[in-house]
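Raw query_1.cif, mmCIF, C-alpha atoms and all ligand atoms:
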```
data_input
loop_
_atom_site.label_atom_id
_atom_site.label_comp_id
_atom_site.auth_asym_id
_atom_site.auth_seq_id
_atom_site.Cartn_x
_atom_site.Cartn_y
_atom_site.Cartn_z
CA MET E 1 110.30 118.74 61.92
CA ASN E 2 113.15 120.68 63.46
CA ASN E 3 115.20 118.29 65.57
CA GLU E 4 117.97 120.74 66.41
CA CYS E 5 117.12 120.56 70.10
CA CYS E 6 117.56 116.81 70.00
CA TYR E 7 121.13 117.05 68.88
CA ARG E 8 122.11 120.00 71.07
CA LEU E 9 120.59 118.80 74.31
CA ARG E 10 121.90 115.45 75.39
CA PRO E 11 119.53 113.62 77.72
CA VAL E 12 120.59 113.77 81.34
CA LEU E 13 117.83 111.54 82.59
CA ILE E 14 116.66 108.59 80.53
CA ASP E 15 114.36 107.05 83.08
CA ILE E 16 111.48 109.54 83.02
CA PHE E 17 108.10 108.63 81.62
CA GLY E 18 104.70 110.17 81.35
CA ILE E 19 101.94 108.16 82.99
CA PHE E 20 98.32 108.74 82.05
CA HIS E 21 95.25 107.50 83.87
CA PHE E 22 91.62 108.48 84.28
CA THR E 23 90.27 110.56 87.12
CA ARG E 24 87.18 109.38 88.95
CA GLU E 25 85.20 111.78 86.73
CA GLY E 26 86.61 110.04 83.65
CA SER E 27 88.93 112.85 82.50
CA PRO E 28 92.46 112.00 81.37
CA SER E 29 95.29 113.06 83.70
CA ASN E 30 99.05 112.69 83.37
CA ARG E 31 102.39 113.50 84.98
CA TYR E 32 106.02 112.44 84.82
CA VAL E 33 107.50 109.87 87.19
CA LEU E 34 110.79 107.96 87.38
CA LEU E 35 111.17 104.39 86.22
CA LYS E 36 112.71 102.49 89.11
CA GLY E 37 112.83 98.99 87.70
CA TYR E 38 111.62 96.57 85.10
CA ASP E 39 111.57 92.80 84.87
CA GLU E 40 109.44 90.06 83.36
CA ARG E 41 106.49 91.24 85.50
CA GLY E 42 106.49 94.80 84.19
CA PHE E 43 107.67 98.29 85.13
CA THR E 44 107.87 99.91 88.56
CA PHE E 45 107.67 103.43 89.93
CA PHE E 46 107.17 104.91 93.40
CA THR E 47 104.86 107.57 94.68
CA ASN E 48 102.69 108.77 97.54
CA TYR E 49 99.77 106.38 98.11
CA SER E 50 97.60 109.31 99.28
CA SER E 51 98.28 111.34 96.13
CA ARG E 52 95.68 112.25 93.59
CA LYS E 53 96.98 109.73 91.07
CA ALA E 54 96.96 106.95 93.67
CA ALA E 55 93.33 107.64 94.58
CA ASP E 56 92.34 107.71 90.92
CA MET E 57 94.24 104.52 90.05
CA GLU E 58 92.53 102.77 92.95
CA THR E 59 89.25 103.33 91.11
CA ASN E 60 90.56 102.66 87.62
CA PRO E 61 93.91 100.84 87.38
CA ASN E 62 94.23 101.29 83.61
CA VAL E 63 97.24 103.40 82.66
CA ALA E 64 99.15 104.47 79.56
CA VAL E 65 102.84 105.27 79.67
CA VAL E 66 105.09 107.04 77.21
CA PHE E 67 108.88 107.45 77.04
CA TYR E 68 110.78 109.52 74.48
CA TRP E 69 114.55 109.62 74.07
CA CYS E 70 115.15 112.64 71.92
CA PRO E 71 118.63 112.13 70.43
CA LEU E 72 117.77 108.56 69.55
CA ARG E 73 114.36 109.52 68.14
CA ARG E 74 113.04 106.50 69.95
CA SER E 75 109.83 106.13 71.90
CA ILE E 76 108.08 103.39 73.84
CA ARG E 77 104.38 103.35 74.63
CA ILE E 78 102.91 100.96 77.17
CA GLU E 79 99.30 100.27 78.09
CA GLY E 80 98.42 98.15 81.07
CA THR E 81 97.21 98.09 84.64
CA VAL E 82 98.80 99.05 87.95
CA THR E 83 98.97 97.12 91.20
CA LYS E 84 100.71 98.15 94.40
CA LEU E 85 104.02 96.51 95.27
CA SER E 86 104.24 94.69 98.57
CA ARG E 87 104.94 96.77 101.68
CA GLU E 88 108.29 94.93 102.00
CA GLU E 89 109.40 95.96 98.49
CA SER E 90 108.33 99.55 99.08
CA GLU E 91 109.97 99.74 102.49
CA THR E 92 113.23 98.26 101.19
CA TYR E 93 113.42 100.79 98.38
CA PHE E 94 112.31 103.69 100.60
CA HIS E 95 115.19 103.12 102.98
CA GLN E 96 117.70 102.88 100.14
CA ARG E 97 116.89 106.46 99.16
CA PRO E 98 118.98 109.37 100.46
CA ARG E 99 117.83 110.36 103.96
CA ALA E 100 116.84 113.82 102.72
CA SER E 101 114.50 112.24 100.14
CA GLN E 102 112.96 109.98 102.78
CA ILE E 103 112.30 112.99 105.02
CA GLY E 104 110.99 114.95 102.05
CA ALA E 105 108.51 112.18 101.25
CA LEU E 106 107.37 112.13 104.86
CA ALA E 107 107.05 115.92 104.97
CA SER E 108 105.07 116.34 101.77
CA PRO E 109 101.33 115.59 101.66
CA GLN E 110 101.57 115.09 97.91
CA SER E 111 98.70 116.57 95.86
CA GLN E 112 97.22 118.47 98.86
CA VAL E 113 96.86 122.25 98.86
CA ILE E 114 99.41 123.78 101.25
CA PRO E 115 99.69 127.38 102.45
CA SER E 116 103.26 128.16 101.41
CA ARG E 117 106.81 126.98 100.68
CA GLU E 118 107.65 127.89 104.28
CA TYR E 119 105.07 125.38 105.48
CA LEU E 120 107.01 122.56 103.79
CA ASP E 121 110.32 123.77 105.21
CA LYS E 122 108.77 123.98 108.67
CA VAL E 123 107.38 120.42 108.53
CA GLU E 124 110.70 119.13 107.19
CA ASN E 125 112.60 120.81 110.06
CA GLU E 126 110.19 119.46 112.64
CA ILE E 127 110.72 115.92 111.32
CA LYS E 128 114.50 116.37 111.28
CA GLN E 129 114.49 117.56 114.88
CA LYS E 130 112.19 114.77 116.01
CA LEU E 131 114.25 112.01 114.35
CA GLY E 132 117.71 113.38 115.00
CA GLU E 133 120.63 112.19 112.89
CA SER E 134 120.21 108.46 113.16
CA GLU E 135 116.63 107.40 113.89
CA GLU E 136 115.09 105.51 110.96
CA VAL E 137 112.63 107.55 108.90
CA PRO E 138 109.23 105.84 109.19
CA LEU E 139 107.62 104.80 105.92
CA PRO E 140 104.91 107.32 105.05
CA ASP E 141 101.83 106.34 103.03
CA TRP E 142 104.16 105.80 100.12
CA GLY E 143 105.24 102.92 97.91
CA GLY E 144 105.65 101.34 94.55
CA TYR E 145 103.39 100.39 91.70
CA LEU E 146 103.90 97.63 89.19
CA ILE E 147 102.62 98.38 85.70
CA THR E 148 101.65 95.08 84.08
CA PRO E 149 101.72 95.71 80.34
CA ARG E 150 99.18 94.43 77.84
CA THR E 151 100.67 96.31 74.88
CA ILE E 152 104.16 97.71 74.32
CA GLU E 153 104.92 99.69 71.19
CA PHE E 154 108.44 100.51 70.05
CA TRP E 155 108.70 103.56 67.77
CA GLN E 156 111.88 104.40 65.93
CA GLY E 157 111.95 107.69 64.07
CA GLN E 158 113.41 107.73 60.56
CA THR E 159 114.42 110.74 58.50
CA ASN E 160 111.84 110.20 55.76
CA ARG E 161 108.68 110.17 57.89
CA LEU E 162 108.34 106.43 57.36
CA HIS E 163 109.03 105.60 60.97
CA ASP E 164 109.12 102.06 62.35
CA ARG E 165 106.41 100.99 64.75
CA ILE E 166 106.40 97.50 66.22
CA ARG E 167 103.63 96.66 68.66
CA PHE E 168 103.70 93.72 71.04
CA ARG E 169 100.43 92.69 72.67
CA LYS E 170 99.33 89.90 74.95
CA SER E 171 97.13 87.63 72.88
CA GLU E 172 96.42 83.95 72.40
CA GLU E 173 94.93 84.53 68.93
CA ASP E 174 96.14 82.61 65.90
CA VAL E 175 98.94 84.31 64.06
CA ASP E 176 99.40 84.30 60.28
CA ASP E 177 103.18 84.79 60.32
CA LYS E 178 102.70 87.40 57.59
CA SER E 179 101.62 90.44 59.50
CA ILE E 180 101.03 89.00 62.98
CA HIS E 181 103.81 86.99 64.56
CA ARG E 182 104.03 84.88 67.68
CA GLY E 183 106.48 86.06 70.31
CA GLU E 184 107.33 84.45 73.64
CA ASN E 185 105.22 84.08 76.80
CA GLY E 186 101.83 84.87 75.25
CA TRP E 187 102.90 87.92 73.25
CA VAL E 188 102.22 88.55 69.56
CA TYR E 189 103.86 91.31 67.56
CA GLU E 190 102.99 93.26 64.44
CA ARG E 191 104.11 96.30 62.44
CA LEU E 192 101.92 99.40 62.37
CA ALA E 193 101.85 102.13 59.77
CA PRO E 194 103.62 105.25 61.05
C1 LIG B 201 111.21 114.48 85.89
C2 LIG B 201 110.19 114.24 86.96
C3 LIG B 201 110.22 113.06 87.68
C4 LIG B 201 109.27 112.82 88.68
N1 LIG B 201 109.29 111.62 89.33
C5 LIG B 201 108.32 111.35 90.25
C6 LIG B 201 108.24 110.06 90.87
O1 LIG B 201 109.02 109.14 90.60
N2 LIG B 201 107.24 109.87 91.77
C7 LIG B 201 106.32 110.84 92.08
O2 LIG B 201 105.45 110.60 92.91
N3 LIG B 201 106.36 112.05 91.49
C8 LIG B 201 107.33 112.33 90.59
N4 LIG B 201 107.36 113.55 89.96
C9 LIG B 201 106.32 114.54 90.32
C10 LIG B 201 105.05 114.20 89.55
O3 LIG B 201 105.18 114.62 88.20
C11 LIG B 201 103.81 114.81 90.18
O4 LIG B 201 103.98 116.20 90.38
C12 LIG B 201 103.49 114.16 91.54
O5 LIG B 201 103.63 112.77 91.51
C13 LIG B 201 102.07 114.52 91.99
O6 LIG B 201 101.16 114.03 91.05
P1 LIG B 201 99.59 113.91 91.38
O7 LIG B 201 99.22 115.09 92.25
O8 LIG B 201 98.91 113.92 90.06
O9 LIG B 201 99.37 112.60 92.12
C14 LIG B 201 108.28 113.80 88.97
C15 LIG B 201 108.27 114.99 88.23
C16 LIG B 201 109.19 115.20 87.22
C17 LIG B 201 109.11 116.47 86.43
#
```
As a first step, turn the structure in this file into structure tokens.
Amino acid sequence: MNNECCYRLRPVLIDIFGIFHFTREGSPSNRYVLLKGYDERGFTFFTNYSSRKAADMETNPNVAVVFYWCPLRRSIRIEGTVTKLSREESETYFHQRPRASQIGALASPQSQVIPSREYLDKVENEIKQKLGESEEVPLPDWGGYLITPRTIEFWQGQTNRLHDRIRFRKSEEDVDDKSIHRGENGWVYERLAP
């Protein structure tokens, strides 16, 4: 594998992940989004609640997430389910964003077919004129999702192809302390062949 790109291009953004879900027809679908937080509950990101992904995840909340940090040759894979954050959490974060981003979110009917670039600029200008400089931007149909993980796999690339893979999964099963180990808070962990 040629990793030259990894060493030449330093990552500018480290908080981008691919999120995969199933469409209502059962086909896989994915896109990149930005990680906005993580805590003991899981991982959060924000998006338009009328978008294609939001409609699909309403039907099937199962998702798979993947991060890759190239220079570190490190990856994390997560499988779990999504739930919407509270309106309060979404609203608080929305209004912390730069005003231009708030207006952009309001102007863009994410995932819908639109006639042109000019259409977006026109809607954006109309909103700017309507709100003026200081009026609060109303929250569009937009907000956060919490990804509650059921498995998290840490992958560390090595130079000899024998990469390290450690998978954590939520399980109450008995562990043998040889290949399956008990972690904290209902997690077990185990090593997978690379
Ligand atoms: C680096 C990067 C970060 C992105 N972050 C977000 C994000 O945080 N939220 C979001 O809704 N879309 C984000 N997007 C746009 C999505 O990839 C996607 O185009 C959008 O969410 C519409 O997806 P959908 O039509 O499948 O619902 C990002 C795109 C890129 C390339």
List all protein, DNA and RNA residues that have an atom no more than 8 Å from any atom of ligand LIG 201 (chain B), counting all atoms listed in the file, and report them as a tab-separated table (two decimals) with C-alpha atoms, in the frame of the given file.
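Output (selection_15.tsv):
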```tsv
chain	number	residue	atom	x	y	z
E	13	LEU	CA	117.83	111.54	82.59
E	16	ILE	CA	111.48	109.54	83.02
E	17	PHE	CA	108.10	108.63	81.62
E	29	SER	CA	95.29	113.06	83.70
E	30	ASN	CA	99.05	112.69	83.37
E	31	ARG	CA	102.39	113.50	84.98
E	32	TYR	CA	106.02	112.44	84.82
E	33	VAL	CA	107.50	109.87	87.19
E	34	LEU	CA	110.79	107.96	87.38
E	35	LEU	CA	111.17	104.39	86.22
E	36	LYS	CA	112.71	102.49	89.11
E	45	PHE	CA	107.67	103.43	89.93
E	46	PHE	CA	107.17	104.91	93.40
E	47	THR	CA	104.86	107.57	94.68
E	48	ASN	CA	102.69	108.77	97.54
E	51	SER	CA	98.28	111.34	96.13
E	52	ARG	CA	95.68	112.25	93.59
E	53	LYS	CA	96.98	109.73	91.07
E	54	ALA	CA	96.96	106.95	93.67
E	110	GLN	CA	101.57	115.09	97.91
E	111	SER	CA	98.70	116.57	95.86
E	112	GLN	CA	97.22	118.47	98.86
```
Quiz item: What's the 7 Å shell around range 92-109 of chain E, counting all atoms listed in the file, without same-chain residues fewer than 3 positions away, as a PyMOL selection string?
Solution: chain E and resi 88-89+112+120+123-124+137+140
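CA of Glu153 in chain E sits 6.1 Å away from CA of Phe168 in chain E.
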In Å and to one decimal, CA of Ala64 in chain E is distant from CA of Phe43 in chain E by 11.9 Å
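Take the candidates E:Thr151, E:Asn62, E:Thr23, E:Gln129 and check each one against Ile76 in chain E using all atoms listed in the file; the shortest distance goes to E:Thr151.
Here CA of Asp164 in chain E stands at a distance of 9.6 Å from CA of Arg74 in chain E.
Across E:Ile114, E:Val188, E:Ile180, E:Ile147, the tightest approach to Pro61 in chain E is made by E:Ile147 when counting all atoms listed in the file.
Among the candidate residues E:Ser134, E:Thr44, E:Ser179, E:Gln158, the one lying nearest to Pro194 in chain E is E:Gln158, with distances computed using all atoms listed in the file.
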Review point. Near Leu146 in chain E, counting only C-alpha atoms, which residues have an atom at most 9 Å away, once you skip same-chain residues fewer than 4 positions from it, shown as a ChimeraX atom specification?
Key: /E:38,41-45,81-85
Output C-alpha atoms for every residue in the selection just made, as a compact mmCIF listing (two decimals), in the coordinates of the input.
```txt
# COMPACT_ATOMS: atom_id res chain seq x y z
CA TYR E 38 111.62 96.57 85.10
CA ARG E 41 106.49 91.24 85.50
CA GLY E 42 106.49 94.80 84.19
CA PHE E 43 107.67 98.29 85.13
CA THR E 44 107.87 99.91 88.56
CA PHE E 45 107.67 103.43 89.93
CA THR E 81 97.21 98.09 84.64
CA VAL E 82 98.80 99.05 87.95
CA THR E 83 98.97 97.12 91.20
CA LYS E 84 100.71 98.15 94.40
CA LEU E 85 104.02 96.51 95.27
```
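Using only C-alpha atoms, the nearest neighbour of Ser75 in chain E within the list E:Ile19, E:Ile152, E:Leu192, E:Leu139 is E:Ile152.
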